[in-house]
Amino acid sequence: MSSGHNPDMTTGDRAQIAQRAATLLDTRLQKPPWKPLPHQVPPPGDWYGWAMIAGRGAGKTDACAEYVVRHVNGPPCIPGPVPHWIGIIAPTLGDAATACVEGPSGIRAHDPSAKGPIAAPGGSVVRWPNGAQAKLFGTDSPGDVERLRAGGNTCLIWAEELAAWRHLDAAWDQMRFGLRSGPRPHWIASTTPKPKPIIKKLVAGEIPNSVLTTATTYDNPHLPEHIRQALEDSYNGTQLGQQELLGLIMDEDENSLWTRAMLDAARVRPDDMPELVRTVVGVDPSGGAGEQGIVVAGKSGLILPGGDLSAEEILRSGQANASPAMTELLIQQAHGAHQRGAVRPQHHGYVLDDRTCHLPPDGWGRRAVQAAIDWEADELVVERNYGGDMAVATLRTAADALGVQIPIRTVTATRGKAVRAQPVSALTAQGRWHHAGVFEELESQMCTWYPEIGWSPDRIDAAVWTAWQLKLVRTAVAGQGSLGGDLARKQITGGRLR
């Protein structure tokens with residue numbers, strides 16, 4: 001009886017047959033080639049940046065992972081053993097590893113030959129057989145931004161969930177500064193939108209040589225039904241659903257402490273302001289690599305109340321688009337304030353200028369002091385929770401450099417941002433906190449920020465501190481001035497003390 005063994009077949013023949021069988025089996029078991037949906041196809045042209053801004057589950061990460069793989073396997077950007085140096089930047093280093101590399105939509109799902117993340121001397125990297133490398137970065141801390149600054153030059157950047165970067169402005173700058181290798185350095189971005197200035201500029205086409213692709217959750221027919229259902233259960237019928245499902249920037253959030261209607265009702269023209277008896281520059285140091293909030297506000301003399309509850313009426317009418325709970329809170333605050341002050345004159349507050357910036361200490365210090373000079377302010381007030389002594393020293397150095405002296409007062413935050421901001425929101429609803437003109441970025445922050453959103457409202461903080469310092473709201477304890485006595489009551493005029 002034959003055993004099935006072929007005595008003429010060599011060991012090498014058997015190995016070749018086994019290899020062919022394994023290859024055939026692997027081919028049959030592999031999933032079909034990835035086919036992009038229309039919104040996942042890179043736009044044509046020699047663009048510098050491609051932003052895919054879309055709802056959750058639309059396939060943003062898939063599209064960018066595929067783009068990176070094609071770039072790696074395309075013509076080399078750099079001569080030598082490493083044909084491509086790529087940067088992958090996400091909200092955290094862990095996000096870059098799990099979402100962009102290891103996840104079901106990540107790089108390894110599109111190209112199994114990619115190896116990583118691998119711990120290397122300079123950080124976590126992904127490597128390809130042709131020598132190409134991608135380095136992973138987070139943006140969660142000032143240290144992450146410094147690491148990005150020192151991360152070397154790249155030919156391609158993938159910015160994952162750009163709108164969720166904690167230190168967006170600083171990381172965005174460092175990303176572009178290092179994007180300078182090869183004949184056509186460029187970036188791609190995948191994000192669900194949030195009302196941040198850079199995202200708004202991308203949508204408005206204000207970032208030079210960038211192109212925009214938009215999509216909704218419903219544009220991805222491959223999204224598993226249980227995931228789609230979970231997203232709809234969380235967001236359908238809510239204002240936040242416009243952002244999370246439809247990929248639209250929210251101009252106003254129902255959970256915020258201010259609404260556009262409230263701000264408009266209290267807005268005044270600069271020419272119509274009464275005489276101010278005190279002016280303050282509020283400074284909110286970022287404590288890291290973010291923006292420095294710098295807002296100028298003033299307090300009027302006593303004004304007889306006119307009995308106009310227009311802001312409250314707007315809230316009651318529903319025109320303000322606030323949630324029912326927030327509407328009732330603001331109405332109670334505004335109505336209570338009116339009741340308490342209905343028979344006596346009251347001071348009003350006026351936001352005069354927003355000088356918020358993203359500069360190193362010498363730059364923001366000079367900017368804050370220059371605002372005090374320009375507006376003949378009585379004092380600067382700075383939050384001391386994040387490097388208070390450094391902030392005071394920065395402002396004092398800037399004042400010396402500009403040839404002026406100005407009182408610098410410090411305040412310490414002992415309660416949450418929302419608790420500090422709520423009384424100022426009530427002043428707005430009452431018609432006693434006005435914007436003298438339009439301050440687009442400050443107002444966008446006021447109408448979209450709420451405590452759970454996960455980013456720090458630098459402009460709001462700076463404005464709120466001015467209201468406390470002007471004693472338009474009274475439950476905070478005033479800070480000690482770095483210059484006290486009579487000097488703390490003097491005012492800058494023409495760049496000098498009077």
# chains A, B, ... in the order shown; residues from 1 in each chain; ligands from 1

call {"tool": "select_by_dssp", "arguments": {"residues": "range 76-197 of chain A", "states": "strand (DSSP E or B)", "output": "number ranges by chain"}}
result
A: 85-89, 115-120, 123-127, 133-137, 154, 156-160, 179, 186-191

call {"tool": "select_by_dssp", "arguments": {"residues": "range 113-328 of chain A", "states": "helix (DSSP H, G or I)", "output": "MDAnalysis selection string"}}
result
chainID A and resid 142:149 162:164 168:177 197:204 217:219 225:235 239:244 260:266 270:272 310:317 324:328

call {"tool": "closest_atom_pairs", "arguments": {"of": "range 146-251 of chain A", "to": "range 44-62 of chain A", "cutoff": "7 Å", "atoms": "only C-alpha atoms", "output": "JSON lines"}}
result
{"residue": "A:His186", "atom": "CA", "partner": "A:Tyr48", "partner_atom": "CA", "distance": 4.8}
{"residue": "A:Trp187", "atom": "CA", "partner": "A:Gly49", "partner_atom": "CA", "distance": 4.8}
{"residue": "A:Ile188", "atom": "CA", "partner": "A:Trp50", "partner_atom": "CA", "distance": 4.7}
{"residue": "A:Ala189", "atom": "CA", "partner": "A:Ala51", "partner_atom": "CA", "distance": 4.6}
{"residue": "A:Ser190", "atom": "CA", "partner": "A:Met52", "partner_atom": "CA", "distance": 4.9}
{"residue": "A:Thr191", "atom": "CA", "partner": "A:Ile53", "partner_atom": "CA", "distance": 5.1}
{"residue": "A:Thr192", "atom": "CA", "partner": "A:Ala54", "partner_atom": "CA", "distance": 5.3}
{"residue": "A:Pro193", "atom": "CA", "partner": "A:Ile53", "partner_atom": "CA", "distance": 6.1}
{"residue": "A:Asn209", "atom": "CA", "partner": "A:Tyr48", "partner_atom": "CA", "distance": 5.4}
{"residue": "A:Ser210", "atom": "CA", "partner": "A:Gly49", "partner_atom": "CA", "distance": 4.4}
{"residue": "A:Val211", "atom": "CA", "partner": "A:Trp50", "partner_atom": "CA", "distance": 4.9}
{"residue": "A:Leu212", "atom": "CA", "partner": "A:Ala51", "partner_atom": "CA", "distance": 5.0}
{"residue": "A:Thr213", "atom": "CA", "partner": "A:Met52", "partner_atom": "CA", "distance": 4.7}
{"residue": "A:Thr214", "atom": "CA", "partner": "A:Ile53", "partner_atom": "CA", "distance": 5.0}
{"residue": "A:Ala215", "atom": "CA", "partner": "A:Ala54", "partner_atom": "CA", "distance": 4.6}
{"residue": "A:Thr216", "atom": "CA", "partner": "A:Gly55", "partner_atom": "CA", "distance": 4.6}
{"residue": "A:Thr217", "atom": "CA", "partner": "A:Ala58", "partner_atom": "CA", "distance": 4.6}
{"residue": "A:Asp219", "atom": "CA", "partner": "A:Ala58", "partner_atom": "CA", "distance": 6.2}
{"residue": "A:Asn220", "atom": "CA", "partner": "A:Ala58", "partner_atom": "CA", "distance": 5.2}
{"residue": "A:Leu223", "atom": "CA", "partner": "A:Gly57", "partner_atom": "CA", "distance": 6.5}
{"residue": "A:Gln243", "atom": "CA", "partner": "A:Gly55", "partner_atom": "CA", "distance": 6.6}
{"residue": "A:Glu244", "atom": "CA", "partner": "A:Gly55", "partner_atom": "CA", "distance": 5.0}
{"residue": "A:Leu245", "atom": "CA", "partner": "A:Gly55", "partner_atom": "CA", "distance": 4.4}
{"residue": "A:Leu246", "atom": "CA", "partner": "A:Gly55", "partner_atom": "CA", "distance": 5.0}
{"residue": "A:Gly247", "atom": "CA", "partner": "A:Gly55", "partner_atom": "CA", "distance": 4.1}

call {"tool": "write_last_selection", "arguments": {"atoms": "N, CA, C and O atoms", "output": "JSON list (two decimals), in the first residue's frame"}}
result
[["chain", "number", "residue", "atom", "x", "y", "z"],
["A", 186, "HIS", "N", 4.14, 68.67, 3.21],
["A", 186, "HIS", "CA", 2.72, 69.04, 3.36],
["A", 186, "HIS", "C", 2.12, 68.28, 4.54],
["A", 186, "HIS", "O", 2.74, 67.38, 5.11],
["A", 187, "TRP", "N", 0.90, 68.69, 4.92],
["A", 187, "TRP", "CA", 0.23, 68.08, 6.06],
["A", 187, "TRP", "C", -1.17, 67.62, 5.68],
["A", 187, "TRP", "O", -1.78, 68.14, 4.73],
["A", 188, "ILE", "N", -1.67, 66.63, 6.42],
["A", 188, "ILE", "CA", -3.06, 66.20, 6.33],
["A", 188, "ILE", "C", -3.63, 66.22, 7.75],
["A", 188, "ILE", "O", -2.90, 66.02, 8.72],
["A", 189, "ALA", "N", -4.91, 66.48, 7.87],
["A", 189, "ALA", "CA", -5.53, 66.57, 9.19],
["A", 189, "ALA", "C", -6.88, 65.87, 9.17],
["A", 189, "ALA", "O", -7.62, 65.97, 8.19],
["A", 190, "SER", "N", -7.17, 65.18, 10.26],
["A", 190, "SER", "CA", -8.47, 64.51, 10.41],
["A", 190, "SER", "C", -9.04, 64.93, 11.75],
["A", 190, "SER", "O", -8.40, 64.75, 12.78],
["A", 191, "THR", "N", -10.24, 65.50, 11.75],
["A", 191, "THR", "CA", -10.79, 65.98, 13.02],
["A", 191, "THR", "C", -12.30, 66.16, 12.96],
["A", 191, "THR", "O", -12.87, 66.46, 11.90],
["A", 192, "THR", "N", -12.93, 65.94, 14.10],
["A", 192, "THR", "CA", -14.28, 66.43, 14.33],
["A", 192, "THR", "C", -14.14, 67.89, 14.77],
["A", 192, "THR", "O", -13.26, 68.20, 15.57],
["A", 193, "PRO", "N", -14.96, 68.80, 14.25],
["A", 193, "PRO", "CA", -14.71, 70.22, 14.51],
["A", 193, "PRO", "C", -15.04, 70.64, 15.94],
["A", 193, "PRO", "O", -15.84, 70.01, 16.63],
["A", 209, "ASN", "N", -3.25, 77.94, 0.91],
["A", 209, "ASN", "CA", -2.99, 76.71, 0.16],
["A", 209, "ASN", "C", -3.43, 75.45, 0.89],
["A", 209, "ASN", "O", -2.77, 74.42, 0.85],
["A", 210, "SER", "N", -4.56, 75.56, 1.59],
["A", 210, "SER", "CA", -5.15, 74.38, 2.22],
["A", 210, "SER", "C", -6.48, 74.07, 1.54],
["A", 210, "SER", "O", -7.15, 74.96, 1.03],
["A", 211, "VAL", "N", -6.83, 72.80, 1.53],
["A", 211, "VAL", "CA", -8.10, 72.36, 0.95],
["A", 211, "VAL", "C", -8.90, 71.66, 2.03],
["A", 211, "VAL", "O", -8.35, 71.10, 2.97],
["A", 212, "LEU", "N", -10.21, 71.67, 1.86],
["A", 212, "LEU", "CA", -11.12, 71.17, 2.89],
["A", 212, "LEU", "C", -12.03, 70.10, 2.31],
["A", 212, "LEU", "O", -12.58, 70.26, 1.22],
["A", 213, "THR", "N", -12.17, 69.00, 3.05],
["A", 213, "THR", "CA", -13.17, 67.97, 2.75],
["A", 213, "THR", "C", -14.07, 67.84, 3.98],
["A", 213, "THR", "O", -13.57, 67.78, 5.11],
["A", 214, "THR", "N", -15.37, 67.81, 3.77],
["A", 214, "THR", "CA", -16.31, 67.64, 4.88],
["A", 214, "THR", "C", -17.17, 66.40, 4.65],
["A", 214, "THR", "O", -17.36, 65.96, 3.51],
["A", 215, "ALA", "N", -17.65, 65.84, 5.74],
["A", 215, "ALA", "CA", -18.52, 64.67, 5.65],
["A", 215, "ALA", "C", -19.28, 64.53, 6.96],
["A", 215, "ALA", "O", -18.91, 65.14, 7.98],
["A", 216, "THR", "N", -20.31, 63.73, 6.95],
["A", 216, "THR", "CA", -21.09, 63.46, 8.15],
["A", 216, "THR", "C", -20.94, 62.00, 8.55],
["A", 216, "THR", "O", -20.42, 61.17, 7.79],
["A", 217, "THR", "N", -21.40, 61.69, 9.72],
["A", 217, "THR", "CA", -21.42, 60.30, 10.17],
["A", 217, "THR", "C", -22.17, 59.42, 9.18],
["A", 217, "THR", "O", -21.79, 58.27, 8.94],
["A", 219, "ASP", "N", -22.33, 59.59, 6.02],
["A", 219, "ASP", "CA", -21.68, 59.38, 4.73],
["A", 219, "ASP", "C", -20.84, 58.12, 4.69],
["A", 219, "ASP", "O", -20.25, 57.79, 3.66],
["A", 220, "ASN", "N", -20.75, 57.41, 5.81],
["A", 220, "ASN", "CA", -19.97, 56.18, 5.88],
["A", 220, "ASN", "C", -20.90, 54.98, 5.99],
["A", 220, "ASN", "O", -21.35, 54.64, 7.09],
["A", 223, "LEU", "N", -19.96, 52.02, 8.59],
["A", 223, "LEU", "CA", -19.96, 52.17, 10.04],
["A", 223, "LEU", "C", -20.90, 51.14, 10.66],
["A", 223, "LEU", "O", -22.07, 51.07, 10.29],
["A", 243, "GLN", "N", -22.20, 69.05, 15.70],
["A", 243, "GLN", "CA", -20.74, 68.91, 15.66],
["A", 243, "GLN", "C", -20.34, 67.45, 15.52],
["A", 243, "GLN", "O", -19.54, 67.09, 14.64],
["A", 244, "GLU", "N", -20.86, 66.60, 16.40],
["A", 244, "GLU", "CA", -20.39, 65.22, 16.48],
["A", 244, "GLU", "C", -20.90, 64.34, 15.36],
["A", 244, "GLU", "O", -20.21, 63.39, 14.96],
["A", 245, "LEU", "N", -22.09, 64.61, 14.83],
["A", 245, "LEU", "CA", -22.66, 63.79, 13.77],
["A", 245, "LEU", "C", -22.53, 64.43, 12.39],
["A", 245, "LEU", "O", -22.18, 63.76, 11.41],
["A", 246, "LEU", "N", -22.78, 65.73, 12.31],
["A", 246, "LEU", "CA", -22.81, 66.41, 11.02],
["A", 246, "LEU", "C", -21.50, 67.10, 10.68],
["A", 246, "LEU", "O", -21.31, 67.58, 9.56],
["A", 247, "GLY", "N", -20.60, 67.19, 11.64],
["A", 247, "GLY", "CA", -19.30, 67.79, 11.36],
["A", 247, "GLY", "C", -19.37, 69.29, 11.17],
["A", 247, "GLY", "O", -18.53, 69.87, 10.46]]

call {"tool": "residues_around", "arguments": {"residues": "Trp449 in chain A", "least_positions_apart": "2", "cutoff": "10 Å", "atoms": "only C-alpha atoms", "output": "NGL selection string"}}
result
:A and (195 or 252-258 or 418 or 444-447 or 451-457 or 460)

call {"tool": "write_last_selection", "arguments": {"atoms": "N, CA, C and O atoms", "output": "CSV table (one decimal), in the first residue's frame"}}
result
chain,number,residue,atom,x,y,z
A,195,PRO,N,-15.2,74.8,18.0
A,195,PRO,CA,-15.1,76.2,17.6
A,195,PRO,C,-13.9,76.9,18.1
A,195,PRO,O,-13.9,77.8,18.9
A,252,GLU,N,-22.5,78.3,19.0
A,252,GLU,CA,-23.1,78.6,20.3
A,252,GLU,C,-23.5,77.2,20.9
A,252,GLU,O,-24.0,76.4,20.2
A,253,ASP,N,-23.2,77.1,22.2
A,253,ASP,CA,-23.5,75.8,22.9
A,253,ASP,C,-24.6,76.1,23.9
A,253,ASP,O,-24.5,77.1,24.7
A,254,GLU,N,-25.6,75.2,24.0
A,254,GLU,CA,-26.7,75.5,24.9
A,254,GLU,C,-26.2,75.4,26.4
A,254,GLU,O,-26.9,75.8,27.3
A,255,ASN,N,-25.0,74.8,26.7
A,255,ASN,CA,-24.6,74.7,28.0
A,255,ASN,C,-23.7,75.9,28.5
A,255,ASN,O,-23.2,75.9,29.6
A,256,SER,N,-23.4,76.8,27.5
A,256,SER,CA,-22.5,77.9,27.9
A,256,SER,C,-23.2,78.9,28.7
A,256,SER,O,-24.4,78.9,28.8
A,257,LEU,N,-22.4,79.8,29.4
A,257,LEU,CA,-22.9,80.7,30.3
A,257,LEU,C,-23.4,82.0,29.6
A,257,LEU,O,-24.1,82.8,30.2
A,258,TRP,N,-23.0,82.2,28.4
A,258,TRP,CA,-23.5,83.3,27.6
A,258,TRP,C,-24.1,82.9,26.3
A,258,TRP,O,-23.8,81.8,25.8
A,418,ALA,N,-16.2,78.2,36.2
A,418,ALA,CA,-17.6,78.4,36.0
A,418,ALA,C,-18.2,79.2,37.1
A,418,ALA,O,-19.0,80.1,36.9
A,444,SER,N,-16.8,84.2,20.8
A,444,SER,CA,-16.9,82.8,20.4
A,444,SER,C,-16.6,81.9,21.6
A,444,SER,O,-17.3,80.9,21.9
A,445,GLN,N,-15.6,82.2,22.4
A,445,GLN,CA,-15.3,81.5,23.6
A,445,GLN,C,-16.4,81.5,24.6
A,445,GLN,O,-16.7,80.5,25.2
A,446,MET,N,-16.9,82.7,24.8
A,446,MET,CA,-18.0,82.9,25.8
A,446,MET,C,-19.2,82.0,25.5
A,446,MET,O,-19.9,81.6,26.4
A,447,CYS,N,-19.5,81.9,24.2
A,447,CYS,CA,-20.8,81.2,23.8
A,447,CYS,C,-20.6,79.8,23.5
A,447,CYS,O,-21.6,79.1,23.1
A,451,PRO,N,-17.7,73.9,31.5
A,451,PRO,CA,-16.7,73.3,32.3
A,451,PRO,C,-16.2,71.9,31.7
A,451,PRO,O,-15.1,71.6,31.8
A,452,GLU,N,-17.1,71.2,31.2
A,452,GLU,CA,-16.8,69.8,30.8
A,452,GLU,C,-16.1,69.7,29.4
A,452,GLU,O,-15.8,68.6,29.0
A,453,ILE,N,-15.9,70.8,28.7
A,453,ILE,CA,-15.5,70.8,27.3
A,453,ILE,C,-14.0,70.4,27.2
A,453,ILE,O,-13.6,70.0,26.2
A,454,GLY,N,-13.2,70.6,28.2
A,454,GLY,CA,-11.9,70.1,28.2
A,454,GLY,C,-10.8,71.1,27.7
A,454,GLY,O,-9.7,70.7,27.5
A,455,TRP,N,-11.1,72.4,27.6
A,455,TRP,CA,-10.0,73.3,27.3
A,455,TRP,C,-10.2,74.6,28.1
A,455,TRP,O,-11.3,74.8,28.6
A,456,SER,N,-9.1,75.3,28.3
A,456,SER,CA,-9.1,76.4,29.2
A,456,SER,C,-9.5,77.7,28.5
A,456,SER,O,-8.9,78.0,27.5
A,457,PRO,N,-10.5,78.4,29.0
A,457,PRO,CA,-10.9,79.7,28.3
A,457,PRO,C,-10.1,80.9,28.7
A,457,PRO,O,-10.5,81.7,29.6
A,460,ILE,N,-11.9,84.3,28.5
A,460,ILE,CA,-13.0,84.5,29.5
A,460,ILE,C,-12.4,84.7,30.8
A,460,ILE,O,-12.8,85.6,31.6

call {"tool": "closest_atom_pairs", "arguments": {"of": "range 334-447 of chain A", "to": "range 281-300 of chain A", "cutoff": "6 Å", "atoms": "only C-alpha atoms", "output": "CSV"}}
result
residue,atom,partner,partner_atom,distance
A:His347,CA,A:Ser300,CA,5.5
A:His348,CA,A:Ser300,CA,5.4
A:Gly349,CA,A:Lys299,CA,4.6
A:Tyr350,CA,A:Gly298,CA,5.2
A:Val351,CA,A:Ala297,CA,4.3
A:Leu352,CA,A:Ala297,CA,5.2
A:Asp353,CA,A:Val296,CA,5.0
A:Asp354,CA,A:Val295,CA,4.6
A:Arg355,CA,A:Ile294,CA,5.0
A:Thr356,CA,A:Gly293,CA,4.5
A:Cys357,CA,A:Gln292,CA,5.5
A:His358,CA,A:Glu291,CA,4.5
A:Leu380,CA,A:Val281,CA,4.8
A:Val381,CA,A:Gly282,CA,5.0
A:Val382,CA,A:Val283,CA,4.7
A:Glu383,CA,A:Asp284,CA,5.7
A:Tyr386,CA,A:Gly287,CA,4.8

call {"tool": "atom_distance", "arguments": {"atom1": "CA of Glu232 in chain A", "atom2": "CA of Tyr218 in chain A"}}
result
10.6 Å

call {"tool": "closest_residue", "arguments": {"among": "A:Ala96, A:Leu179, A:Leu402, A:Ala150", "to": "Leu162 in chain A", "atoms": "only C-alpha atoms"}}
result
A:Ala96
